[in-house]
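Asks: Here you go, one structure.
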Amino acid sequence: MSGGSGHLPYSMRDVDGVGAYNNAKFRHRSRLRMATQSLFTNSSKYQCGKFTVGKFLSLLMVSGLIYLFAHKSSDGFVSGEIHDKVENRHTKKDSPKIHTFWRKPPRLPPRLPPNEIYKNNSLLLQSPPSEWASRQKKVKEAFEHAWSGYRNYAMGYDELMPLSRRGVDGLGGLGATVVDSLDTAIIMGVDDVVSEASKWIEDNLMKKLSEKGQVNLFETTIRVLGGLLSAYHLSGGDKARGSDSGVPVTSKRANPERLLEVSKDLADRLLLAFTSSPTAIPFSDVVLRDRTAHAAPDGLSSTSEATTLQLEYSYLSTISGDPKYDLEAMKVLEHMRKLPTVEGLVPIYINPSSGQFSGENIRLGSRGDSYYEYLLKVWVQQEKYRNTSLKYLFEMYTEAMRGVKHLLVRKTIPNGLVFVGELPYGRNGGFSPKMDHLVCFLPGTLALGATKGITKKKALENHLLTVEDLENLQLAEDLAKTCVEMYFVTSTGLAPEIAYFHIEGNSEGGPDGGNKSSQYVNDIMIKPLDRHNLLRPETVESLFVLYRITEDPKYREWGWRIFQAFEKYTKVDSGGYSSLDDVTNLPPPRRDKMETFFLGETLKYLYLLFGESSILPLDKYVFNTEAHPLPIIQSAEQTSHSV
């Protein structure tokens with residue numbers, strides 16, 4: 001934030017300016033009265049008969065000059081908007097001809113470059129509510145178009161290949177797009193999709209669980225188990241916690257009992273990853289039909305994957321009444337608490353056989369990201385235990401964010417974008433000015449950690465924000481700005497998978513994003529192998545959270561620009577949306593893949609961004625890392641964290 005007398009708020013400058021103007025006006029009018037009085041006093045020494053025509057004309061001329069001087073001064077030396085305000089007050093009572101002759105031309109307000117327009121909310125031309133309802137409807141139509149391509153060409157497969165018009169199983173063959181999309185359809189009120197997806201799950205998923213082979217613990221938990229649990233809740237299955245969602249009840253609803261049954265079957269099989277490991281760190285892979293689990297070929301697990309499971313299993317224990325799911329998942333975080341860190345930051349690999357970290361690579365992108373997210377969100381989810389048995393999670397999160405600010409946050413040159421880099425060789429190695437698009441989850445997490453889901457305005461009114469909370473909220477806004485500029489700096493307006501940033505002392509160069517009109521074209525570099533876009537959600541996720549918390553409409557406007565770019569360059573006429581191979585070229589070459597998270601996350605967050613804040617409020621719901629909303633658990637019933 002700027003400080004000093006040169007950056008007074010506009011309101012303070014106005015008050016001071018008007019005061020100076022009034023004082024000057026008073027002084028000039030006093031001089032006029034004194035001069036006139038002096039002339040008449042001297043004249044009174046003479047008899048009226050001695051008052052010649054020449055003296056009368058001299059007196060008239062002096063009076064006129066004093067009058068003109070006084071009005072020239074009072075109008076001519078006032079600047080900016082103060083001049084305009086004063087001028088309006090004098091228009092009616094001053095002589096039109098004299099005033100027009102002496103008046104200075106009005107000063108126009110300075111023009112702001114496009115990237116500065118959003119800095120001051122008062123300068124933002126806000127779209128009316130009806131416009132946002134219309135834009136939200138456009139997102140709903142995009143979801144229906146994406147689903148139509150999947151339903152027509154890939155129903156039951158994990159993912160759609162929209163250009164080839166066929167399906168592919170890349171996530172274990174459990175129909176991941178169906179399950180990932182169901183709660184989005186419920187939230188949007190797309191009854192046909194709710195009906196189709198629910199029927200497929202009821203008819204097919206249980207059978208697939210007994211037939212399919214290897215799946216990844218993390219991906220299956222966040223996409224399939226998370227999707228089932230969220231749909232269960234939004235379909236009315238959780239009577240104790242089902243009244244706060246704000247999601248309209250529609251005629252077409254999934255069967256919550258069946259969803260819970262499938263959830264428990266899947267979770268029972270996935271639990272083998274926990275119980276088969278010799279340590280608290282689970283194995284990465286499970287063979288569903290055999291009910292066995294094993295480590296990855298290199299023996300390692302990603303830190304983020306091993307530690308991003310707890311929201312789902314804790315909620316399943318709550319609704320099922322069986323504490324085993326929560327107990328196994330929470331052992332991981334309790335173990336992480338005991339491991340050494342670098343100012344709260346951890347390496348991206350961990351060995352389930354030893355329970356220790358492997359290597360020194362520290363980053364908040366792939367394999368590291370959601371570890372930090374779930375430290376906060378698991379603490380948020382278990383409201384009753386925030387200040388008791390789970391207090392350590394928020395302490396770990398707080399320490400980690402301090403480490404991020406101390407070790408990983410830098411500014412670009414020449415324009416000072418704030419970004420989060422990497423330490424590929426640990427604290428004692430070199431700093432890399434590289435940031436994955438995945439890191440753009442962080443602005444939303446920082447904002448959530450600062451206000452705990454309520455608006456900034458409400459938190460300030462109730463004196464709930466510490467200095468550190470305000471610092472983290474400012475960092476969140478700065479990083480969100482960088483994330484959207486990763487979009488706007490490219491030719492397509494869509495972000496690359498990875499960006500590098502120009503910093504002081506780093507001579508590494510690289511190609512830009514292609515949009516030469518961007519103010520930040522020299523700050524951001526995009527290497528040839530990093531130019532693809534997978535329809536990722538992280539930036540719009542943070543825009544959604546920041547809009548809810550700050551109520552600043554610029555986040556909606558930025559989200560709309562991103563959505564328009566998706567529509568323009570990734571939409572496939574026959575149905576679905578396609579990833580891109582190169583966001584810096586026009587037209588962008590397409591990659592024949594529609595990720596499940598485009599329907600499960602990206603479009604969901606955009607829809608919620610453009611909608612009412614009463615839908616899935618952030619102080620009542622926590623979103624898992626695949627954007628599946630789960631209720632905050634406020635009751636001690638059926639949980640395992642009692643002190």
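Simple scheme: letters A, B, ... for chains in structure tokens order, numbers from 1 for residues in each chain, numbers from 1 for ligands in the order shown.
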Tell me, counting only C-alpha atoms, for each residue of stretch 336-418 of chain A within 9 Å of stretch 307-327 of chain A, which pair of atoms is nearest and how far apart they are in Å to one decimal, in rows ordered by chain and increasing number, as JSON lines.
Replies:
{"residue": "A:Met336", "atom": "CA", "partner": "A:Thr307", "partner_atom": "CA", "distance": 8.5}
{"residue": "A:Ser370", "atom": "CA", "partner": "A:Thr308", "partner_atom": "CA", "distance": 6.2}
{"residue": "A:Tyr371", "atom": "CA", "partner": "A:Thr307", "partner_atom": "CA", "distance": 5.5}
{"residue": "A:Tyr372", "atom": "CA", "partner": "A:Thr307", "partner_atom": "CA", "distance": 8.9}
{"residue": "A:Glu373", "atom": "CA", "partner": "A:Thr308", "partner_atom": "CA", "distance": 8.2}
{"residue": "A:Tyr374", "atom": "CA", "partner": "A:Thr308", "partner_atom": "CA", "distance": 6.1}
{"residue": "A:Leu375", "atom": "CA", "partner": "A:Thr307", "partner_atom": "CA", "distance": 8.6}
{"residue": "A:Lys377", "atom": "CA", "partner": "A:Leu311", "partner_atom": "CA", "distance": 7.6}
{"residue": "A:Val378", "atom": "CA", "partner": "A:Leu311", "partner_atom": "CA", "distance": 5.8}
{"residue": "A:Gln381", "atom": "CA", "partner": "A:Leu311", "partner_atom": "CA", "distance": 7.3}
{"residue": "A:Gln382", "atom": "CA", "partner": "A:Ser314", "partner_atom": "CA", "distance": 8.8}
Asks: Could you list, as a PyMOL selection string, every residue within 6 Å of stretch 576-582 of chain A, counting only C-alpha atoms and ignoring same-chain residues fewer than 5 positions away?
Replies: chain A and resi 145-146+149+162+531-535+570-571+588-594
Asks: Could you write out that same residue set with all heavy atoms as a compact mmCIF listing (two decimals), in the first residue's frame?
Replies:
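Okay, this is what ended up in result.txt:
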# COMPACT_ATOMS: atom_id res chain seq x y z
N HIS A 145 -23.38 -28.36 -23.15
CA HIS A 145 -22.68 -28.70 -24.39
C HIS A 145 -21.55 -29.70 -24.13
O HIS A 145 -21.36 -30.65 -24.91
CB HIS A 145 -22.12 -27.42 -25.04
CG HIS A 145 -21.44 -27.65 -26.34
ND1 HIS A 145 -22.12 -27.83 -27.52
CD2 HIS A 145 -20.11 -27.76 -26.66
CE1 HIS A 145 -21.26 -28.02 -28.51
NE2 HIS A 145 -20.04 -27.98 -28.02
N ALA A 146 -20.81 -29.48 -23.04
CA ALA A 146 -19.74 -30.41 -22.69
C ALA A 146 -20.31 -31.79 -22.40
O ALA A 146 -19.77 -32.82 -22.85
CB ALA A 146 -18.96 -29.89 -21.48
N GLY A 149 -21.47 -33.82 -25.57
CA GLY A 149 -20.40 -34.52 -26.28
C GLY A 149 -20.00 -35.79 -25.56
O GLY A 149 -19.80 -36.85 -26.18
N PRO A 162 -12.89 -35.28 -27.70
CA PRO A 162 -13.95 -34.61 -28.48
C PRO A 162 -13.67 -34.53 -29.98
O PRO A 162 -14.63 -34.48 -30.76
CB PRO A 162 -13.98 -33.21 -27.85
CG PRO A 162 -12.64 -33.02 -27.24
CD PRO A 162 -12.20 -34.37 -26.78
N ARG A 531 3.38 -24.72 -23.19
CA ARG A 531 2.36 -23.84 -23.76
C ARG A 531 0.95 -24.44 -23.79
O ARG A 531 0.01 -23.78 -24.21
CB ARG A 531 2.75 -23.44 -25.18
CG ARG A 531 4.00 -22.58 -25.25
CD ARG A 531 4.41 -22.33 -26.69
NE ARG A 531 5.60 -21.47 -26.77
CZ ARG A 531 6.24 -21.20 -27.91
NH1 ARG A 531 5.81 -21.73 -29.05
NH2 ARG A 531 7.30 -20.41 -27.90
N HIS A 532 0.78 -25.66 -23.34
CA HIS A 532 -0.53 -26.30 -23.43
C HIS A 532 -1.47 -25.83 -22.33
O HIS A 532 -1.05 -25.36 -21.27
CB HIS A 532 -0.38 -27.83 -23.37
CG HIS A 532 0.44 -28.33 -22.22
ND1 HIS A 532 1.81 -28.19 -22.15
CD2 HIS A 532 0.08 -28.99 -21.08
CE1 HIS A 532 2.26 -28.72 -21.03
NE2 HIS A 532 1.22 -29.21 -20.36
N ASN A 533 -2.74 -25.97 -22.60
CA ASN A 533 -3.79 -25.63 -21.62
C ASN A 533 -4.73 -26.82 -21.51
O ASN A 533 -5.26 -27.31 -22.51
CB ASN A 533 -4.56 -24.39 -22.07
CG ASN A 533 -5.67 -24.01 -21.11
OD1 ASN A 533 -6.70 -24.67 -21.01
ND2 ASN A 533 -5.47 -22.92 -20.39
N LEU A 534 -4.93 -27.29 -20.28
CA LEU A 534 -5.73 -28.49 -20.03
C LEU A 534 -7.13 -28.17 -19.50
O LEU A 534 -7.78 -29.03 -18.93
CB LEU A 534 -5.00 -29.41 -19.04
CG LEU A 534 -3.59 -29.85 -19.45
CD1 LEU A 534 -2.99 -30.75 -18.38
CD2 LEU A 534 -3.62 -30.56 -20.80
N LEU A 535 -7.59 -26.93 -19.68
CA LEU A 535 -8.91 -26.49 -19.19
C LEU A 535 -8.94 -26.46 -17.66
O LEU A 535 -9.97 -26.71 -17.03
CB LEU A 535 -10.03 -27.40 -19.71
CG LEU A 535 -10.02 -27.75 -21.20
CD1 LEU A 535 -11.12 -28.76 -21.53
CD2 LEU A 535 -10.19 -26.50 -22.05
N THR A 570 -11.81 -23.34 -27.35
CA THR A 570 -11.78 -24.76 -26.95
C THR A 570 -13.09 -25.49 -27.24
O THR A 570 -13.13 -26.72 -27.15
CB THR A 570 -11.47 -24.91 -25.45
OG1 THR A 570 -12.57 -24.46 -24.65
CG2 THR A 570 -10.22 -24.11 -25.07
N LYS A 571 -14.13 -24.79 -27.57
CA LYS A 571 -15.43 -25.43 -27.83
C LYS A 571 -15.40 -26.21 -29.13
O LYS A 571 -14.91 -25.73 -30.16
CB LYS A 571 -16.52 -24.36 -27.89
CG LYS A 571 -17.94 -24.91 -27.92
CD LYS A 571 -18.94 -23.76 -27.80
CE LYS A 571 -20.36 -24.28 -27.70
NZ LYS A 571 -21.33 -23.15 -27.52
N PRO A 588 -5.08 -21.79 -32.17
CA PRO A 588 -4.30 -22.72 -31.35
C PRO A 588 -4.53 -24.17 -31.76
O PRO A 588 -5.68 -24.59 -31.96
CB PRO A 588 -4.85 -22.47 -29.94
CG PRO A 588 -6.24 -21.99 -30.16
CD PRO A 588 -6.22 -21.20 -31.43
N PRO A 589 -3.47 -24.95 -31.92
CA PRO A 589 -3.67 -26.37 -32.19
C PRO A 589 -4.33 -27.05 -31.00
O PRO A 589 -4.02 -26.74 -29.85
CB PRO A 589 -2.24 -26.89 -32.42
CG PRO A 589 -1.35 -25.89 -31.77
CD PRO A 589 -2.05 -24.58 -31.85
N ARG A 590 -5.24 -27.98 -31.27
CA ARG A 590 -6.02 -28.60 -30.22
C ARG A 590 -5.45 -29.95 -29.81
O ARG A 590 -4.88 -30.67 -30.63
CB ARG A 590 -7.48 -28.75 -30.66
CG ARG A 590 -8.20 -27.41 -30.81
CD ARG A 590 -9.64 -27.60 -31.24
NE ARG A 590 -10.40 -26.36 -31.12
CZ ARG A 590 -11.71 -26.26 -31.34
NH1 ARG A 590 -12.40 -27.34 -31.69
NH2 ARG A 590 -12.32 -25.11 -31.21
N ARG A 591 -5.65 -30.27 -28.56
CA ARG A 591 -5.27 -31.57 -27.99
C ARG A 591 -6.57 -32.33 -27.74
O ARG A 591 -7.46 -31.84 -27.07
CB ARG A 591 -4.49 -31.36 -26.70
CG ARG A 591 -4.07 -32.62 -26.00
CD ARG A 591 -3.23 -32.32 -24.78
NE ARG A 591 -1.93 -31.77 -25.13
CZ ARG A 591 -0.91 -31.65 -24.29
NH1 ARG A 591 -1.05 -32.05 -23.03
NH2 ARG A 591 0.23 -31.13 -24.68
N ASP A 592 -6.65 -33.54 -28.21
CA ASP A 592 -7.91 -34.29 -28.25
C ASP A 592 -8.26 -34.88 -26.87
O ASP A 592 -8.21 -36.09 -26.66
CB ASP A 592 -7.79 -35.41 -29.28
CG ASP A 592 -9.14 -36.00 -29.66
OD1 ASP A 592 -10.16 -35.44 -29.24
OD2 ASP A 592 -9.16 -37.04 -30.36
N LYS A 593 -8.64 -33.98 -25.93
CA LYS A 593 -8.94 -34.45 -24.58
C LYS A 593 -9.80 -33.43 -23.85
O LYS A 593 -9.53 -32.23 -23.89
CB LYS A 593 -7.62 -34.65 -23.82
CG LYS A 593 -7.73 -35.27 -22.44
CD LYS A 593 -7.92 -36.78 -22.54
CE LYS A 593 -7.66 -37.47 -21.22
NZ LYS A 593 -6.27 -37.40 -20.78
N MET A 594 -10.85 -33.89 -23.19
CA MET A 594 -11.62 -33.05 -22.28
C MET A 594 -11.50 -33.67 -20.90
O MET A 594 -12.07 -34.72 -20.60
CB MET A 594 -13.09 -32.97 -22.69
CG MET A 594 -13.91 -32.03 -21.80
SD MET A 594 -15.63 -31.79 -22.32
CE MET A 594 -16.35 -33.37 -21.82
Asks: Of the candidates A:Ile362, A:Ile413, A:Val622, A:Leu473, which one gets nearest to A:Ile524 if we count only C-alpha atoms?
Replies: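 With only C-alpha atoms as the atom set, the closest residue is A:Ile413.
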Asks: So which residues touch A:Ala499 within 10 Å, counting only C-alpha atoms, skipping near sequence neighbours fewer than 5 positions away, as a PyMOL selection string?
Replies: chain A and resi 433-437+483+486+512-513+524-527+530-531
Asks: Can I get the selected residues back with N, CA, C and O atoms, as a CSV table (one decimal), in the first residue's frame?
Replies:
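result-v4.csv written:
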chain,number,residue,atom,x,y,z
A,433,PRO,N,12.4,-19.2,-10.9
A,433,PRO,CA,11.3,-18.3,-11.1
A,433,PRO,C,10.2,-19.0,-12.0
A,433,PRO,O,9.7,-18.4,-13.0
A,434,LYS,N,9.8,-20.2,-11.6
A,434,LYS,CA,8.9,-21.0,-12.4
A,434,LYS,C,7.6,-21.2,-11.5
A,434,LYS,O,7.7,-21.4,-10.3
A,435,MET,N,6.5,-21.0,-12.2
A,435,MET,CA,5.2,-21.2,-11.4
A,435,MET,C,4.2,-22.0,-12.3
A,435,MET,O,3.9,-21.6,-13.4
A,436,ASP,N,3.8,-23.2,-11.8
A,436,ASP,CA,2.8,-23.9,-12.5
A,436,ASP,C,1.4,-23.2,-12.4
A,436,ASP,O,1.2,-22.5,-11.4
A,437,HIS,N,0.5,-23.4,-13.4
A,437,HIS,CA,-0.8,-22.9,-13.2
A,437,HIS,C,-1.5,-23.5,-12.0
A,437,HIS,O,-2.3,-22.9,-11.4
A,483,CYS,N,-2.0,-14.5,-11.8
A,483,CYS,CA,-2.6,-15.7,-12.4
A,483,CYS,C,-3.5,-15.2,-13.6
A,483,CYS,O,-3.4,-15.9,-14.7
A,486,MET,N,-1.4,-14.3,-16.5
A,486,MET,CA,-0.9,-15.5,-17.3
A,486,MET,C,-1.8,-15.9,-18.4
A,486,MET,O,-1.4,-16.5,-19.4
A,512,ASP,N,7.7,-14.9,-25.3
A,512,ASP,CA,6.6,-14.4,-24.5
A,512,ASP,C,5.3,-15.1,-24.9
A,512,ASP,O,5.3,-16.1,-25.7
A,513,GLY,N,4.2,-14.6,-24.4
A,513,GLY,CA,2.9,-15.2,-24.6
A,513,GLY,C,2.2,-14.9,-25.9
A,513,GLY,O,1.2,-15.5,-26.3
A,524,ILE,N,6.6,-12.2,-18.3
A,524,ILE,CA,6.2,-13.6,-18.3
A,524,ILE,C,6.8,-14.2,-19.5
A,524,ILE,O,6.6,-13.8,-20.6
A,525,MET,N,7.4,-15.4,-19.3
A,525,MET,CA,8.0,-16.2,-20.4
A,525,MET,C,7.3,-17.5,-20.4
A,525,MET,O,7.0,-18.1,-19.4
A,526,ILE,N,7.1,-18.0,-21.6
A,526,ILE,CA,6.4,-19.3,-21.8
A,526,ILE,C,7.3,-20.2,-22.7
A,526,ILE,O,7.4,-19.9,-23.9
A,527,LYS,N,7.8,-21.3,-22.2
A,527,LYS,CA,8.7,-22.1,-23.0
A,527,LYS,C,7.8,-23.0,-23.9
A,527,LYS,O,6.7,-23.4,-23.5
A,530,ASP,N,5.7,-25.9,-22.5
A,530,ASP,CA,4.8,-25.5,-21.4
A,530,ASP,C,3.6,-24.8,-21.9
A,530,ASP,O,2.8,-24.3,-21.1
A,531,ARG,N,3.4,-24.7,-23.2
A,531,ARG,CA,2.4,-23.8,-23.8
A,531,ARG,C,0.9,-24.4,-23.8
A,531,ARG,O,0.0,-23.8,-24.2
Asks: Which is closest to A:Arg367 among A:Tyr500, A:Tyr397, A:Phe488, A:Phe218, if we use only C-alpha atoms?
Replies: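 Ranked by minimum distance to A:Arg367, first place goes to A:Phe218.
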Asks: What's the separation between atom CA of A:Val342 and atom CA of A:Ser366, in Å to one decimal place?
Replies: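 About the pair atom CA of A:Val342 and atom CA of A:Ser366: they are 18.2 Å apart.
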Asks: What gap, in Å, lies between atom CA of A:Trp132 and atom CA of A:Tyr547?
Replies: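 Between atom CA of A:Trp132 and atom CA of A:Tyr547 the gap is 13.3 Å.
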Asks: Which is closer to A:Asp369 than all the others in A:Gly453, A:Pro347, A:Pro248, A:Pro352, using only C-alpha atoms?
Replies: A:Pro347
